[in-house]
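> Here you go, this is input.cif (mmCIF, C-alpha atoms and all ligand atoms).
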```cif
data_my_file
#
loop_
_atom_site.label_atom_id
_atom_site.label_comp_id
_atom_site.auth_asym_id
_atom_site.auth_seq_id
_atom_site.Cartn_x
_atom_site.Cartn_y
_atom_site.Cartn_z
CA MET Q 35 -204.17 42.16 -13.06
CA SER Q 36 -202.29 42.30 -16.33
CA ALA Q 37 -199.69 39.66 -17.12
CA ASP Q 38 -196.78 42.11 -16.82
CA HIS Q 39 -197.61 42.40 -13.11
CA LEU Q 40 -197.56 38.67 -12.65
CA ARG Q 41 -194.60 36.50 -11.67
CA ASN Q 42 -194.56 32.70 -11.55
CA VAL Q 43 -191.68 31.42 -9.46
CA ALA Q 44 -190.78 27.84 -8.57
CA ILE Q 45 -188.99 27.36 -5.27
CA ILE Q 46 -186.20 24.81 -5.11
CA ALA Q 47 -184.73 23.97 -1.74
CA HIS Q 48 -183.24 21.06 0.10
CA VAL Q 49 -185.31 19.83 3.04
CA ASP Q 50 -184.74 22.03 6.12
CA HIS Q 51 -183.01 24.83 4.27
CA GLY Q 52 -185.93 27.09 5.15
CA LYS Q 53 -188.38 27.07 2.24
CA THR Q 54 -191.43 26.98 4.49
CA THR Q 55 -190.14 29.72 6.76
CA LEU Q 56 -189.24 31.89 3.79
CA VAL Q 57 -192.61 31.53 2.11
CA ASP Q 58 -194.30 32.24 5.42
CA GLN Q 59 -192.36 35.47 5.72
CA LEU Q 60 -193.16 36.50 2.17
CA LEU Q 61 -196.84 35.92 2.85
CA TYR Q 62 -196.71 37.50 6.26
CA GLN Q 63 -194.92 40.65 5.21
CA SER Q 64 -197.19 41.14 2.24
CA GLY Q 65 -199.98 41.49 4.76
CA MET Q 66 -201.81 38.38 3.70
CA PHE Q 67 -202.01 36.92 7.17
CA ARG Q 68 -204.09 39.84 8.34
CA ASN Q 69 -206.94 38.45 6.33
CA GLU Q 70 -209.09 36.51 8.75
CA ASP Q 71 -210.03 33.73 6.35
CA LEU Q 72 -206.43 33.07 5.48
CA ASP Q 73 -205.56 33.04 9.15
CA LYS Q 74 -208.08 30.29 9.62
CA LEU Q 75 -206.69 28.34 6.69
CA ALA Q 76 -203.22 28.58 8.15
CA GLY Q 77 -204.51 27.46 11.50
CA GLY Q 78 -203.56 30.91 12.76
CA GLN Q 79 -200.02 29.73 12.86
CA HIS Q 80 -196.83 30.46 11.05
CA GLY Q 81 -194.45 27.75 10.01
CA LEU Q 82 -197.00 25.31 8.71
CA VAL Q 83 -197.84 26.90 5.43
CA MET Q 84 -196.21 24.97 2.64
CA ASP Q 85 -195.94 21.63 4.33
CA SER Q 86 -199.18 21.33 6.22
CA ASN Q 87 -199.64 17.92 4.69
CA ASP Q 88 -198.70 15.39 7.33
CA LEU Q 89 -197.90 12.67 4.88
CA GLU Q 90 -195.45 14.90 3.14
CA ARG Q 91 -193.79 15.85 6.40
CA GLU Q 92 -193.52 12.24 7.38
CA ARG Q 93 -191.86 11.22 4.17
CA GLY Q 94 -189.74 14.31 3.95
CA ILE Q 95 -190.67 14.87 0.34
CA THR Q 96 -193.24 16.93 -1.39
CA ILE Q 97 -195.77 14.80 -3.12
CA LEU Q 98 -198.38 17.46 -3.72
CA ALA Q 99 -197.42 20.52 -5.69
CA LYS Q 100 -198.73 23.39 -3.65
CA ASN Q 101 -199.21 26.90 -4.76
CA CYS Q 102 -199.73 30.13 -3.00
CA ALA Q 103 -199.74 33.72 -4.14
CA VAL Q 104 -198.16 36.80 -2.63
CA ALA Q 105 -199.52 40.26 -3.37
CA TYR Q 106 -196.72 42.79 -3.35
CA THR Q 107 -197.06 46.53 -3.77
CA THR Q 108 -193.92 48.51 -4.60
CA PRO Q 109 -193.30 51.81 -2.81
CA ASP Q 110 -194.54 53.59 -5.95
CA GLY Q 111 -197.82 51.76 -5.76
CA GLU Q 112 -197.35 49.11 -8.47
CA LYS Q 113 -199.25 45.97 -7.50
CA TYR Q 114 -197.76 42.60 -8.36
CA LYS Q 115 -198.91 39.07 -7.84
CA ILE Q 116 -196.23 36.46 -7.26
CA ASN Q 117 -197.36 32.86 -7.67
CA LEU Q 118 -195.01 30.70 -5.62
CA ILE Q 119 -194.80 27.14 -6.85
CA ASP Q 120 -193.48 24.42 -4.60
CA THR Q 121 -191.23 21.88 -6.31
CA PRO Q 122 -190.68 18.34 -5.12
CA GLY Q 123 -187.41 18.45 -3.21
CA HIS Q 124 -186.57 15.06 -4.52
CA ALA Q 125 -185.98 13.31 -7.83
CA ASP Q 126 -188.35 10.44 -7.12
CA PHE Q 127 -191.10 11.98 -9.13
CA GLY Q 128 -189.45 12.92 -12.41
CA GLY Q 129 -192.60 13.67 -14.36
CA GLU Q 130 -193.97 15.69 -11.47
CA VAL Q 131 -190.91 17.93 -11.50
CA GLU Q 132 -191.29 18.62 -15.21
CA ARG Q 133 -194.95 19.50 -14.92
CA VAL Q 134 -194.43 21.77 -11.96
CA LEU Q 135 -191.56 23.61 -13.63
CA LYS Q 136 -193.69 24.19 -16.71
CA MET Q 137 -195.80 26.56 -14.63
CA ALA Q 138 -192.82 28.76 -13.73
CA ASP Q 139 -190.92 31.58 -15.45
CA GLY Q 140 -188.05 31.60 -12.96
CA VAL Q 141 -186.75 29.84 -9.87
CA LEU Q 142 -185.82 30.76 -6.35
CA LEU Q 143 -183.00 28.52 -5.17
CA VAL Q 144 -182.97 28.53 -1.38
CA VAL Q 145 -179.68 27.33 0.12
CA ASP Q 146 -178.63 27.04 3.75
CA ALA Q 147 -175.77 29.46 4.48
CA PHE Q 148 -173.84 26.76 6.31
CA GLU Q 149 -174.72 23.55 4.48
CA GLY Q 150 -174.56 24.91 0.96
CA PRO Q 151 -176.30 23.27 -2.01
CA MET Q 152 -177.07 19.59 -1.46
CA PRO Q 153 -176.84 16.82 -4.08
CA GLN Q 154 -180.59 16.14 -3.81
CA THR Q 155 -181.48 19.49 -5.37
CA ARG Q 156 -179.29 18.82 -8.42
CA PHE Q 157 -181.97 17.03 -10.37
CA VAL Q 158 -184.65 19.69 -9.99
CA LEU Q 159 -182.18 22.51 -10.59
CA GLY Q 160 -180.88 20.77 -13.72
CA LYS Q 161 -184.44 20.43 -15.01
CA ALA Q 162 -185.10 24.10 -14.27
CA LEU Q 163 -182.07 25.08 -16.32
CA GLU Q 164 -183.23 22.82 -19.16
CA HIS Q 165 -186.49 24.76 -19.08
CA LYS Q 166 -184.48 28.01 -19.36
CA LEU Q 167 -185.57 29.18 -15.93
CA LYS Q 168 -183.10 31.66 -14.45
CA PRO Q 169 -182.25 31.23 -10.77
CA VAL Q 170 -182.40 33.84 -8.04
CA VAL Q 171 -180.23 32.44 -5.24
CA VAL Q 172 -181.31 32.95 -1.65
CA VAL Q 173 -178.58 32.19 0.87
CA ASN Q 174 -180.80 31.58 3.86
CA LYS Q 175 -180.00 31.27 7.58
CA ILE Q 176 -177.40 34.01 7.22
CA ASP Q 177 -177.92 34.60 10.95
CA ARG Q 178 -176.25 31.28 11.73
CA PRO Q 179 -173.00 31.82 13.63
CA ASP Q 180 -171.40 29.19 11.42
CA ALA Q 181 -172.70 30.71 8.19
CA ARG Q 182 -170.13 30.68 5.37
CA PRO Q 183 -171.99 32.64 2.69
CA ASP Q 184 -169.08 33.32 0.32
CA ASP Q 185 -168.16 29.65 0.09
CA VAL Q 186 -171.81 28.73 -0.36
CA VAL Q 187 -172.21 31.16 -3.26
CA ASN Q 188 -169.11 29.62 -4.87
CA GLU Q 189 -170.55 26.15 -4.39
CA VAL Q 190 -173.78 27.23 -6.08
CA PHE Q 191 -171.74 28.65 -8.95
CA ASP Q 192 -169.77 25.39 -9.30
CA LEU Q 193 -172.97 23.37 -9.25
CA LEU Q 194 -174.47 25.53 -12.00
CA VAL Q 195 -171.30 25.12 -14.08
CA GLU Q 196 -171.56 21.36 -13.63
CA LEU Q 197 -175.17 21.52 -14.76
CA GLU Q 198 -174.07 23.44 -17.85
CA ALA Q 199 -175.96 26.61 -17.00
CA ASP Q 200 -175.66 29.41 -19.55
CA ASP Q 201 -173.76 32.63 -18.81
CA GLU Q 202 -176.88 34.51 -17.82
CA SER Q 203 -177.79 31.88 -15.22
CA LEU Q 204 -174.21 31.86 -13.93
CA ASP Q 205 -174.55 35.58 -13.32
CA PHE Q 206 -177.29 34.86 -10.77
CA PRO Q 207 -178.37 37.50 -8.27
CA VAL Q 208 -177.78 36.58 -4.64
CA ILE Q 209 -180.00 37.57 -1.74
CA TYR Q 210 -178.77 36.91 1.79
CA ALA Q 211 -181.65 36.16 4.09
CA SER Q 212 -182.71 35.16 7.52
CA ALA Q 213 -186.18 33.83 6.89
CA LYS Q 214 -186.44 33.11 10.59
CA GLU Q 215 -185.75 36.70 11.56
CA GLY Q 216 -187.68 38.05 8.58
CA TRP Q 217 -185.06 40.03 6.70
CA ALA Q 218 -183.05 39.90 3.52
CA SER Q 219 -180.15 41.88 2.11
CA ARG Q 220 -178.23 42.20 -1.15
CA ASP Q 221 -175.06 42.79 0.81
CA VAL Q 222 -173.51 39.91 2.73
CA ASP Q 223 -172.28 42.25 5.47
CA GLU Q 224 -175.50 44.16 5.94
CA ARG Q 225 -178.56 43.23 7.86
CA GLY Q 226 -181.78 44.07 6.09
CA GLU Q 227 -184.89 45.27 7.83
CA ASN Q 228 -187.44 43.17 6.02
CA MET Q 229 -187.87 40.97 2.96
CA LYS Q 230 -188.26 43.84 0.50
CA VAL Q 231 -185.10 43.14 -1.52
CA LEU Q 232 -186.32 39.61 -2.13
CA TYR Q 233 -189.69 40.74 -3.49
CA ASP Q 234 -187.80 43.26 -5.64
CA ALA Q 235 -185.36 40.63 -6.91
CA ILE Q 236 -188.28 38.42 -7.95
CA ILE Q 237 -190.02 41.30 -9.75
CA GLU Q 238 -186.80 42.36 -11.51
CA GLN Q 239 -185.23 39.01 -12.31
CA VAL Q 240 -188.12 36.73 -13.11
CA PRO Q 241 -189.70 37.52 -16.46
CA ALA Q 242 -193.42 38.16 -16.68
CA PRO Q 243 -195.42 35.71 -18.83
CA SER Q 244 -194.62 36.48 -22.45
CA PRO Q 245 -196.92 38.94 -24.27
CA GLU Q 246 -197.64 36.33 -26.99
CA GLU Q 247 -198.82 33.93 -24.33
CA ALA Q 248 -200.82 36.61 -22.61
CA ASP Q 249 -203.12 37.20 -25.60
CA ALA Q 250 -206.41 36.92 -23.73
CA THR Q 251 -208.40 36.56 -26.95
CA ALA Q 252 -206.63 33.44 -28.25
CA PRO Q 253 -208.39 30.04 -27.99
CA PRO Q 254 -207.90 28.92 -24.39
CA GLN Q 255 -205.41 26.26 -23.35
CA MET Q 256 -204.60 25.21 -19.81
CA LEU Q 257 -202.31 22.39 -18.71
CA VAL Q 258 -203.50 20.50 -15.65
CA THR Q 259 -200.49 20.11 -13.34
CA SER Q 260 -202.09 18.92 -10.16
CA LEU Q 261 -205.47 17.97 -8.80
CA ASP Q 262 -207.25 18.81 -5.64
CA TYR Q 263 -210.49 17.43 -4.38
CA SER Q 264 -213.27 18.61 -2.17
CA ASP Q 265 -216.39 16.71 -1.13
CA TYR Q 266 -218.38 19.76 -2.03
CA VAL Q 267 -217.24 20.46 -5.59
CA GLY Q 268 -215.37 17.29 -6.54
CA ARG Q 269 -212.24 17.46 -8.65
CA ILE Q 270 -210.35 20.72 -8.89
CA ALA Q 271 -207.89 21.08 -11.76
CA ILE Q 272 -204.83 23.22 -11.04
CA GLY Q 273 -202.37 24.53 -13.58
CA ARG Q 274 -201.21 27.34 -15.78
CA VAL Q 275 -203.33 28.91 -18.46
CA PHE Q 276 -201.07 29.00 -21.53
CA ALA Q 277 -203.44 30.79 -23.88
CA GLY Q 278 -206.68 32.74 -23.88
CA THR Q 279 -209.24 33.19 -21.14
CA LEU Q 280 -211.34 30.73 -19.14
CA LYS Q 281 -214.63 31.68 -17.49
CA PRO Q 282 -217.35 30.05 -15.40
CA GLY Q 283 -220.12 28.64 -17.60
CA MET Q 284 -217.77 28.20 -20.53
CA GLN Q 285 -217.98 25.10 -22.66
CA VAL Q 286 -214.53 23.51 -23.09
CA THR Q 287 -212.94 20.39 -24.51
CA VAL Q 288 -210.84 18.37 -22.10
CA ILE Q 289 -208.16 16.39 -23.91
CA ASP Q 290 -206.69 13.50 -21.97
CA ARG Q 291 -203.21 12.07 -22.36
CA ALA Q 292 -204.41 9.48 -24.85
CA GLY Q 293 -205.89 12.26 -26.98
CA LYS Q 294 -209.51 11.53 -26.09
CA HIS Q 295 -211.81 14.57 -26.14
CA THR Q 296 -214.72 15.24 -23.79
CA GLN Q 297 -216.98 18.26 -23.92
CA GLN Q 298 -217.47 19.78 -20.50
CA ARG Q 299 -218.56 22.97 -18.79
CA ILE Q 300 -216.55 25.04 -16.33
CA LEU Q 301 -218.39 25.76 -13.11
CA LYS Q 302 -215.92 28.07 -11.37
CA THR Q 303 -212.58 29.71 -12.00
CA LEU Q 304 -210.33 30.48 -9.06
CA GLN Q 305 -207.08 32.32 -8.53
CA PHE Q 306 -204.56 31.78 -5.76
CA SER Q 307 -204.55 34.43 -3.08
CA GLY Q 308 -202.32 34.02 -0.08
CA LEU Q 309 -202.81 30.47 1.09
CA GLY Q 310 -206.29 30.22 -0.25
CA ARG Q 311 -208.18 30.52 -3.50
CA VAL Q 312 -210.73 33.07 -4.54
CA ASP Q 313 -213.53 32.87 -7.07
CA VAL Q 314 -212.92 35.12 -10.04
CA ASP Q 315 -215.03 35.84 -13.12
CA HIS Q 316 -212.24 34.83 -15.48
CA VAL Q 317 -208.63 33.63 -15.57
CA VAL Q 318 -206.19 34.62 -18.28
CA ALA Q 319 -203.08 33.24 -19.93
CA GLY Q 320 -199.95 33.47 -17.81
CA ASP Q 321 -201.75 32.91 -14.53
CA ILE Q 322 -201.88 29.80 -12.38
CA CYS Q 323 -205.38 28.93 -11.41
CA ALA Q 324 -207.88 26.31 -10.30
CA ILE Q 325 -210.90 25.14 -12.29
CA VAL Q 326 -213.96 23.56 -10.75
CA GLY Q 327 -216.61 21.52 -12.53
CA LEU Q 328 -214.60 19.30 -14.84
CA ASP Q 329 -214.78 15.52 -14.47
CA PRO Q 330 -213.26 13.43 -15.97
CA ILE Q 331 -210.08 15.43 -15.63
CA ASP Q 332 -206.56 14.32 -14.78
CA ILE Q 333 -202.98 15.48 -14.51
CA GLY Q 334 -201.44 16.15 -17.91
CA ASN Q 335 -204.82 16.92 -19.53
CA THR Q 336 -205.35 20.05 -21.58
CA ILE Q 337 -208.42 22.20 -21.02
CA ALA Q 338 -208.98 23.62 -24.47
CA CYS Q 339 -211.32 25.56 -26.65
CA ALA Q 340 -214.68 23.86 -27.36
CA GLU Q 341 -214.66 24.51 -31.11
CA SER Q 342 -211.06 23.96 -32.20
CA PRO Q 343 -209.36 22.16 -29.30
CA GLU Q 344 -205.61 21.75 -29.37
CA ALA Q 345 -203.64 19.78 -26.79
CA LEU Q 346 -200.57 21.22 -25.12
CA PRO Q 347 -197.46 19.04 -25.46
CA VAL Q 348 -197.72 15.99 -23.25
CA ILE Q 349 -195.06 15.60 -20.61
CA GLU Q 350 -193.91 12.02 -20.43
CA ILE Q 351 -194.64 10.47 -17.11
CA ASP Q 352 -192.10 8.15 -15.62
CA GLU Q 353 -193.93 7.33 -12.45
CA PRO Q 354 -197.27 5.83 -11.55
CA THR Q 355 -200.07 8.37 -11.70
CA LEU Q 356 -200.61 9.93 -8.33
CA HIS Q 357 -204.22 10.06 -7.32
CA MET Q 358 -204.62 13.05 -5.13
CA THR Q 359 -208.10 12.47 -3.91
P1 LIG Q 401 -188.03 23.51 4.78
O1 LIG Q 401 -187.93 22.05 5.08
O2 LIG Q 401 -187.07 23.91 3.72
O3 LIG Q 401 -189.41 23.98 4.52
O4 LIG Q 401 -187.45 24.25 6.09
P2 LIG Q 401 -188.22 25.00 7.28
O5 LIG Q 401 -188.71 26.31 6.85
O6 LIG Q 401 -189.19 24.06 7.90
O7 LIG Q 401 -186.99 25.26 8.25
C1 LIG Q 401 -186.22 24.19 8.77
C2 LIG Q 401 -185.58 24.62 10.08
O8 LIG Q 401 -184.67 25.71 9.84
C3 LIG Q 401 -186.59 25.13 11.09
O9 LIG Q 401 -186.16 24.72 12.37
C4 LIG Q 401 -186.50 26.64 10.96
O10 LIG Q 401 -186.84 27.33 12.13
C5 LIG Q 401 -185.03 26.82 10.61
N1 LIG Q 401 -184.82 28.05 9.83
C6 LIG Q 401 -185.49 28.47 8.76
N2 LIG Q 401 -185.02 29.64 8.33
C7 LIG Q 401 -183.99 29.97 9.16
C8 LIG Q 401 -183.12 31.09 9.22
O11 LIG Q 401 -183.14 32.03 8.44
N3 LIG Q 401 -182.18 31.05 10.22
C9 LIG Q 401 -182.08 30.03 11.10
N4 LIG Q 401 -181.13 30.10 12.03
N5 LIG Q 401 -182.92 28.97 11.07
C10 LIG Q 401 -183.86 28.95 10.11
#
```
Show me the file's structure as structure tokens.


Amino acid sequence: MSADHLRNVAIIAHVDHGKTTLVDQLLYQSGMFRNEDLDKLAGGQHGLVMDSNDLERERGITILAKNCAVAYTTPDGEKYKINLIDTPGHADFGGEVERVLKMADGVLLVVDAFEGPMPQTRFVLGKALEHKLKPVVVVNKIDRPDARPDDVVNEVFDLLVELEADDESLDFPVIYASAKEGWASRDVDERGENMKVLYDAIIEQVPAPSPEEADATAPPQMLVTSLDYSDYVGRIAIGRVFAGTLKPGMQVTVIDRAGKHTQQRILKTLQFSGLGRVDVDHVVAGDICAIVGLDPIDIGNTIACAESPEALPVIEIDEPTLHMT
């Protein structure tokens, strides 16, 4: 898939405003759940997609950045891949927020149609604006009898003004949705039939990775944003490829945060697909992917070209390193 058919979107939502339900619907309506393997991964159940981690649920905050990918085909047959990036709903992990947002080209701000934007999302939203990410606002739970969508949109506007958003961001598109009932609409007084307008808003409003970045022939650079681990393959590095192409068998230089270089070989490259990951024969700039076979590897490391390695800018970390093993 070429980079112009790729969208990387970070989701910002206050706890309970319906992020999980919304992502479930986006996955479900894209047909992903019909895939048997993904069904198994999801436990055959809706509602437990983004926050299947018990620890996270217990603490009410997201400590693992989780990704999933939605395949969306427009009525005229154009196939898109939307990488959905979960953001910590909390400011406790400042460095984590920065790293996660670096993977995105736009944000989906999910707000409860009764509660409106909550102070806890301020920090992440402010960071998103600093990173020049334009928001698409989803006023969710529009089915609530006590929904007050017009006020809520005004509150979002006021919050963005407070956060010194630019004019383009203040002109945000609004989608009214009932994630629970599985529909979305551009019109506050109209009930949609499905989530189509939300997929369309993402495709239209969130920019594709830039063509300069998407030069597949440039020396590769990938920033490791999170780590996963499996007993079978060991450490799995997850992040966005910022330049070039990475392939299984490729010799790379891993540059750690102190600038130390190690020569290593990639075993596997994977892309996100639905809730799972699939082996692919290469990953290109603009995409978010997982790399198997590299150790030592850590968050904030750059996976770079073997011959002329260059580190991506280091994001300062203001919290203890999280070991996600
Ligand atoms: P998250 O914490 O943001 O991931 O929120 P969840 O997706 O877990 O939803 C929190 C609660 O809100 C659950 O009880 C959902 O069933 C409910 N919910 C989610 N979306 C909607 C919606 O569109 N309408 C209504 N009425 N409830 C919803």

> Which residues sit within 7 Å of ligand LIG 401 (chain Q), counting all atoms listed in the file, listed as a ChimeraX atom specification?

/Q:47-56,81,85,174-178,211-215

> Select all residues near (-197.5, 41.3, -17.4) (cut-off 9 Å, inclusive, file coordinates), counting all atoms listed in the file, and output them as a compact mmCIF listing (two decimals) with C-alpha atoms, keeping the file's coordinate frame.


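Saved the output as part-v9.txt:
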```txt
# COMPACT_ATOMS: atom_id res chain seq x y z
CA MET Q 35 -204.17 42.16 -13.06
CA SER Q 36 -202.29 42.30 -16.33
CA ALA Q 37 -199.69 39.66 -17.12
CA ASP Q 38 -196.78 42.11 -16.82
CA HIS Q 39 -197.61 42.40 -13.11
CA LEU Q 40 -197.56 38.67 -12.65
CA ARG Q 41 -194.60 36.50 -11.67
CA PRO Q 241 -189.70 37.52 -16.46
CA ALA Q 242 -193.42 38.16 -16.68
CA PRO Q 243 -195.42 35.71 -18.83
CA SER Q 244 -194.62 36.48 -22.45
CA PRO Q 245 -196.92 38.94 -24.27
CA ALA Q 248 -200.82 36.61 -22.61
CA GLY Q 320 -199.95 33.47 -17.81
```

> Which residue, Q:Ala271, Q:Val208, Q:Leu143, Q:Leu309, has the smallest gap to Val104 in chain Q when you use only C-alpha atoms?

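Once distances to Val104 in chain Q are computed over only C-alpha atoms, the minimum belongs to Q:Leu309.
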
> Give as an MDAnalysis selection string every residue, naming chains and numbers as the document does, that has an atom within 10 Å of (-187.0, 38.9, -12.0), counting all atoms listed in the file.

chainID Q and resid 41:43 139:142 168:170 207 232:242

> State, in Å with one decimal place, the distance from CA of Val145 in chain Q to CA of Leu159 in chain Q.

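Between CA of Val145 in chain Q and CA of Leu159 in chain Q the gap is 12.0 Å.
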
> So that I can check the surroundings of Lys302 in chain Q, please list as a CSV table (one decimal) with C-alpha atoms, keeping the file's coordinate frame every protein, DNA and RNA residue that reaches within 7 Å of it, counting only C-alpha atoms and ignoring chain neighbours fewer than 2 positions away.


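So the final result, stored in result.csv, reads:
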```
chain,number,residue,atom,x,y,z
Q,282,PRO,CA,-217.4,30.0,-15.4
Q,300,ILE,CA,-216.6,25.0,-16.3
Q,304,LEU,CA,-210.3,30.5,-9.1
Q,313,ASP,CA,-213.5,32.9,-7.1
Q,325,ILE,CA,-210.9,25.1,-12.3
Q,326,VAL,CA,-214.0,23.6,-10.8
Q,327,GLY,CA,-216.6,21.5,-12.5
```
